[in-house]
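Chemist: Take a look at the following structure, please.
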Amino acid sequence: MEQRVTEEVAGPKATSREWIGLGVIALPCILYSMDLTVLNLAVPHLTADLKPSSAELLWIVDIYGFMIAGSLITMGTLGDRIGRRRLLMIGAVAFGAASIVAAFANSVETLIAARALLGVAGATLAPSTLSLIRNMFHDPDERTFAIGMWVMSYSAGGALGPVLGGVLLEYFWWGSVFLLAVPVMVLLLIVAPILLPEYRDPQAGRLDVLSAALSLIAVLSVIWGLKSIAEGGLSALAGVSIVAGVIVGTIFVRRQKTLADPLLDLRLFAKPSFTAAVAVNILGVFVAFASFMFTAQYLQLVLGLSPLAAGLWSLPGALAFVACSFIAPSIAQKLGPRRTIAIGLIIVALSFALLTQVDVYGLPAIVGAMVAMSFGLSPVFILTTDLIVSSAPPERAGAAAAISETGAEFGGVLGIAVLGSIGIAIYRSMMASPTLDGVPAQALATARDTLGGAVAASAELSPALGTLLLDTARGAFVHGFEIIVLVCAVIAIATAFLSARYLRPAV
């Protein structure tokens with residue numbers, strides 16, 4: 001059997017206190033991902049109430065994720081300095097307070113500010129909880145299982161968000177979706193001091209404020225630029241934003257090399273297993289996010305399913321991910337993490353291969369591929385996260401967790417931007433077909449922009465022209481979708497080879 005990638009020996013077994021504490025840790029993780037999805041349902045209601053402009057609405061939706069991504073590195077290192085449990089509790093107070101402000105916001109500006117604070121508070125949750133797991137579970141196999149439950153809690157939150165949000169919106173106002181966080185955070189504040197241990201780096205120095213500012217500017221600039229490209233195509237402003245972010249990021253890295261106690265310890269990347277695990281995790285998120293985006297559009301805009309029906313057909317994949325989170329650690333014990341990750345990525349590649357046949361098999365291909373993909377991605381995310389955190393010394397676990405989460409944020413946004421841009425380019429090129437010359441210019445321009453625009457434009461035309469436009473648009477989208485998943489399959493196979501080559505046992 002393959003040895004573990006880390007050099008650890010088995011530590012003491014966890015007691016019931018640690019396992020109950022793991023349940024406590026799962027609570028903020030569920031809320032973290034719920035807040036990423038629940039707002040989408042409330043958008044029509046808050047739009048009717050607050051009447052935001054299109055630009056303001058984008059900021060309401062996006063600012064939460066932006067601030068999380070930009071604050072992760074700072075918060076992970078801050079937890080190492082002031083204590084991970086303390087940071088978690090500070091974040092819980094801030095998250096609960098911001099949720100109340102967002103729930104009762106009576107202006108667009110107030111809601112945007114509350115969402116920004118939610119993002120900063122949310123950035124304390126992931127590195128704090130993951131680094132606490134590093135300190136609570138000393139036995140490598142138990143820690144792998146605990147991290148599996150940690151990863152699963154995010155998946156559960158993403159699945160629960162639309163369901164609970166839909167129930168609340170059925171009976172209450174749009175702000176009620178934010179109040180889901182308040183009782184959970186109150187419970188966390190009560191039980192965390194009892195069940196969760198405190199840990200911090202006793203040798204840590206002061207937080208370098210300039211480094212924190214540089215990391216925030218660099219991450220926000222790059223992610224904003226990539227997201228702008230994903231939403232509106234390549235533009236000068238998006239390009240300038242990305243270049244500026246890279247320049248600031250370079251300054252940030254150089255500054256870390258000169259500091260006695262850096263915000264980001266670059267020595268972590270000296271371990272090949274750490275760097276390889278980060279790379280594999282980023283590439284896994286890269287292909288996953290892009291495929292999820294196209295799949296959601298396919299279900300609603302090509303098959304014509306309602307949002308509820310599309311969500312229900314997505315549940316088998318989510319449930320498969322949850323199920324595999326329980327069994328992935330056991331598989332890794334038998335096969336070793338390196339082999340398990342490589343096999344998982346091969347399963348992901350086969351799932352993408354099935355999606356290339358979506359025009360033939362339709363919904364069964366989508367559901368089957370999503371289930372298989374969940375079984376492949378679950379061990380990849382769990383084991384790479386475990387390797388990242390385990391490769392770092394205990395006093396740097398918060399920083400390592402922040403690197404893992406920041407990499408995942410970049411992987412998701414980059415996947416949507418790069419693969420989404422390829423899909424849009426294919427779609428628009430096929431929508432230049434001469435068979436559409438009889439379609440009115442305004443309707444054709446709308447249809448060439450997005451498939452959603454084509455669906456709306458076709459409803460305004462005569463039955464014959466509407467059917468022609470919609471069939472052509474759906475065919476163009478499916479063709480682009482199939483090219484994208486083929487690219488994803490190739491990337492998954494390449495990543496499998498990367499994991500097999502570089503995630504080697506330490507000697």
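Letters for chains follow the order of the structure tokens (A, B, ...), residue numbers begin at 1 for each chain, and ligand numbers begin at 1 in the order shown.
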Output as an MDAnalysis selection string all residues of segment 230-348 of chain A that backbone DSSP marks as alpha helix (DSSP H).
Modeler: chainID A and resid 230:232 236:258 272:297 307:335 337:348
Chemist: Excluding same-chain residues fewer than 3 positions from Val253 of chain A, what lies within 12 Å of it counting only C-alpha atoms, as a PyMOL selection string?
Modeler: chain A and resi 211-212+214-215+218+246-250+256-259+262-267
Chemist: Could the residues in this selection be written to a file with N, CA and C atoms, as an mmCIF file, in the first residue's frame?
Modeler:
```
data_model
loop_
_atom_site.group_PDB
_atom_site.id
_atom_site.type_symbol
_atom_site.label_atom_id
_atom_site.label_comp_id
_atom_site.auth_asym_id
_atom_site.auth_seq_id
_atom_site.Cartn_x
_atom_site.Cartn_y
_atom_site.Cartn_z
ATOM 1 N N SER A 211 1.339 44.311 3.781
ATOM 2 C CA SER A 211 1.203 43.043 3.057
ATOM 3 C C SER A 211 -0.266 42.643 2.925
ATOM 4 N N ALA A 212 -1.038 42.856 3.992
ATOM 5 C CA ALA A 212 -2.465 42.541 3.936
ATOM 6 C C ALA A 212 -3.165 43.370 2.867
ATOM 7 N N LEU A 214 -1.745 44.774 0.202
ATOM 8 C CA LEU A 214 -1.262 44.344 -1.118
ATOM 9 C C LEU A 214 -1.955 43.056 -1.563
ATOM 10 N N SER A 215 -2.114 42.104 -0.644
ATOM 11 C CA SER A 215 -2.763 40.839 -1.015
ATOM 12 C C SER A 215 -4.223 41.075 -1.398
ATOM 13 N N ALA A 218 -4.294 42.771 -4.874
ATOM 14 C CA ALA A 218 -3.881 41.850 -5.937
ATOM 15 C C ALA A 218 -4.972 40.843 -6.262
ATOM 16 N N VAL A 246 -1.568 41.442 -11.101
ATOM 17 C CA VAL A 246 -0.336 40.641 -11.186
ATOM 18 C C VAL A 246 0.865 41.456 -10.698
ATOM 19 N N ILE A 247 0.914 42.736 -11.075
ATOM 20 C CA ILE A 247 2.019 43.599 -10.645
ATOM 21 C C ILE A 247 2.015 43.756 -9.123
ATOM 22 N N VAL A 248 0.831 44.050 -8.564
ATOM 23 C CA VAL A 248 0.735 44.194 -7.109
ATOM 24 C C VAL A 248 1.060 42.868 -6.421
ATOM 25 N N GLY A 249 0.604 41.759 -7.018
ATOM 26 C CA GLY A 249 0.913 40.451 -6.455
ATOM 27 C C GLY A 249 2.407 40.171 -6.457
ATOM 28 N N THR A 250 3.095 40.591 -7.504
ATOM 29 C CA THR A 250 4.557 40.420 -7.560
ATOM 30 C C THR A 250 5.241 41.224 -6.463
ATOM 31 N N GLN A 256 7.289 39.608 0.901
ATOM 32 C CA GLN A 256 7.291 38.490 1.833
ATOM 33 C C GLN A 256 8.691 37.919 2.008
ATOM 34 N N LYS A 257 9.499 37.981 0.958
ATOM 35 C CA LYS A 257 10.859 37.446 1.025
ATOM 36 C C LYS A 257 11.771 38.269 1.921
ATOM 37 N N THR A 258 11.376 39.522 2.163
ATOM 38 C CA THR A 258 12.229 40.411 2.965
ATOM 39 C C THR A 258 11.810 40.472 4.434
ATOM 40 N N LEU A 259 10.621 39.932 4.759
ATOM 41 C CA LEU A 259 10.096 40.048 6.115
ATOM 42 C C LEU A 259 10.545 38.872 6.986
ATOM 43 N N PRO A 262 6.653 36.857 7.612
ATOM 44 C CA PRO A 262 5.809 37.270 6.484
ATOM 45 C C PRO A 262 4.339 36.910 6.664
ATOM 46 N N LEU A 263 3.499 37.641 5.941
ATOM 47 C CA LEU A 263 2.073 37.310 5.939
ATOM 48 C C LEU A 263 1.856 35.959 5.269
ATOM 49 N N LEU A 264 2.574 35.714 4.182
ATOM 50 C CA LEU A 264 2.501 34.446 3.462
ATOM 51 C C LEU A 264 3.880 33.800 3.491
ATOM 52 N N ASP A 265 3.973 32.663 4.148
ATOM 53 C CA ASP A 265 5.254 31.970 4.275
ATOM 54 C C ASP A 265 5.529 31.199 2.985
ATOM 55 N N LEU A 266 6.392 31.760 2.148
ATOM 56 C CA LEU A 266 6.685 31.148 0.855
ATOM 57 C C LEU A 266 7.453 29.840 0.997
ATOM 58 N N ARG A 267 7.988 29.582 2.191
ATOM 59 C CA ARG A 267 8.699 28.316 2.405
ATOM 60 C C ARG A 267 7.767 27.113 2.306
#
```
Chemist: May I ask which of the residues A:Leu363, A:Ala279, A:Leu301, A:Cys324 is the closest one to Gly411 of chain A, counting only C-alpha atoms?
Modeler: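 Under the stated criterion, the closest residue is A:Ala279.
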Chemist: Let me make sure I understand: among A:Val285, A:Leu444, A:Leu50, A:Ala425, which one has the smallest atom-to-atom distance to Glu405 of chain A if we use only C-alpha atoms?
Modeler: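 Result for the nearest residue to Glu405 of chain A: A:Val285.
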Chemist: Have a look at A:Ala441, A:Ala105, A:Ile242, A:Val478 and name the one nearest to Leu461 of chain A; count only C-alpha atoms.
Modeler: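 For Leu461 of chain A, the nearest of the given residues is A:Ala441.
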Chemist: Using only C-alpha atoms, find the one residue out of A:Ala349, A:Ile491, A:Met149, A:Leu132 that sits nearest to Ile327 of chain A.
Modeler: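 Of A:Ala349, A:Ile491, A:Met149, A:Leu132, the one nearest Ile327 of chain A is A:Met149, counting only C-alpha atoms.
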Chemist: Please identify all polymer residues within 7 Å of Ala121 of chain A, counting only C-alpha atoms, omitting same-chain residues fewer than 2 positions from it, and present them as a ChimeraX atom specification.
Modeler: /A:91,94-95,117-119,123-124
Chemist: My list of candidates is A:Leu305, A:Leu436, A:Ala102, A:Ile20. Which is closest to Ala146 of chain A when distances are computed with only C-alpha atoms?
Modeler: A:Ile20
Chemist: Under the rule that only C-alpha atoms are counted, which of A:Val191, A:Met75, A:Ala42, A:Ala113 is the nearest residue to Leu22 of chain A?
Modeler: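 The closest residue to Leu22 of chain A is A:Val191.
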Chemist: Would you pick out the contacts of Leu283 of chain A at 10 Å or less, using only C-alpha atoms, so that residues sharing its chain but fewer than 3 positions from it are not included, and give the list as a list in words?
Modeler: Ala277, Val278, Ala279, Val280, Phe286, Val287, Ala288, Gly407, Ala408, Phe410, Gly411, Gly412, Leu414, Gly415, Cys488, Ile491, Ala492, Ala494 and Thr495 of chain A
Chemist: I want to know what sits within 8 Å of Leu383 of chain A, based on only C-alpha atoms, with residues of the same chain fewer than 5 positions away left out; could you give that as an MDAnalysis selection string?
Modeler: chainID A and resid 144 329 337 341
Chemist: With N, CA, C and O atoms retained, write the just-selected residues as a compact mmCIF listing (two decimals), in the first residue's frame.
Modeler:
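The resulting result.txt:
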```txt
# COMPACT_ATOMS: atom_id res chain seq x y z
N THR A 144 -8.06 12.89 7.84
CA THR A 144 -8.57 12.81 6.48
C THR A 144 -10.09 12.68 6.48
O THR A 144 -10.78 13.34 5.70
N PRO A 329 -12.11 8.66 2.42
CA PRO A 329 -10.97 8.39 3.32
C PRO A 329 -10.63 6.91 3.44
O PRO A 329 -9.45 6.54 3.51
N PRO A 337 -3.27 8.11 -0.96
CA PRO A 337 -3.87 9.33 -1.49
C PRO A 337 -3.48 9.63 -2.93
O PRO A 337 -4.32 10.08 -3.72
N ILE A 341 -6.36 9.95 -5.75
CA ILE A 341 -6.57 11.21 -6.47
C ILE A 341 -6.49 10.99 -7.97
O ILE A 341 -7.33 11.48 -8.74
```
Chemist: Between atom CA of Ala276 of chain A and atom CA of Leu503 of chain A, what is the spacing in Å?
Modeler: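 Atom-to-atom, atom CA of Leu503 of chain A to atom CA of Ala276 of chain A, that is 6.3 Å.
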Chemist: Rounded to one decimal place, report the atom CA of Ile194 of chain A-atom CA of Arg85 of chain A distance in Å.
Modeler: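 Distance between the two atoms: 10.8 Å.
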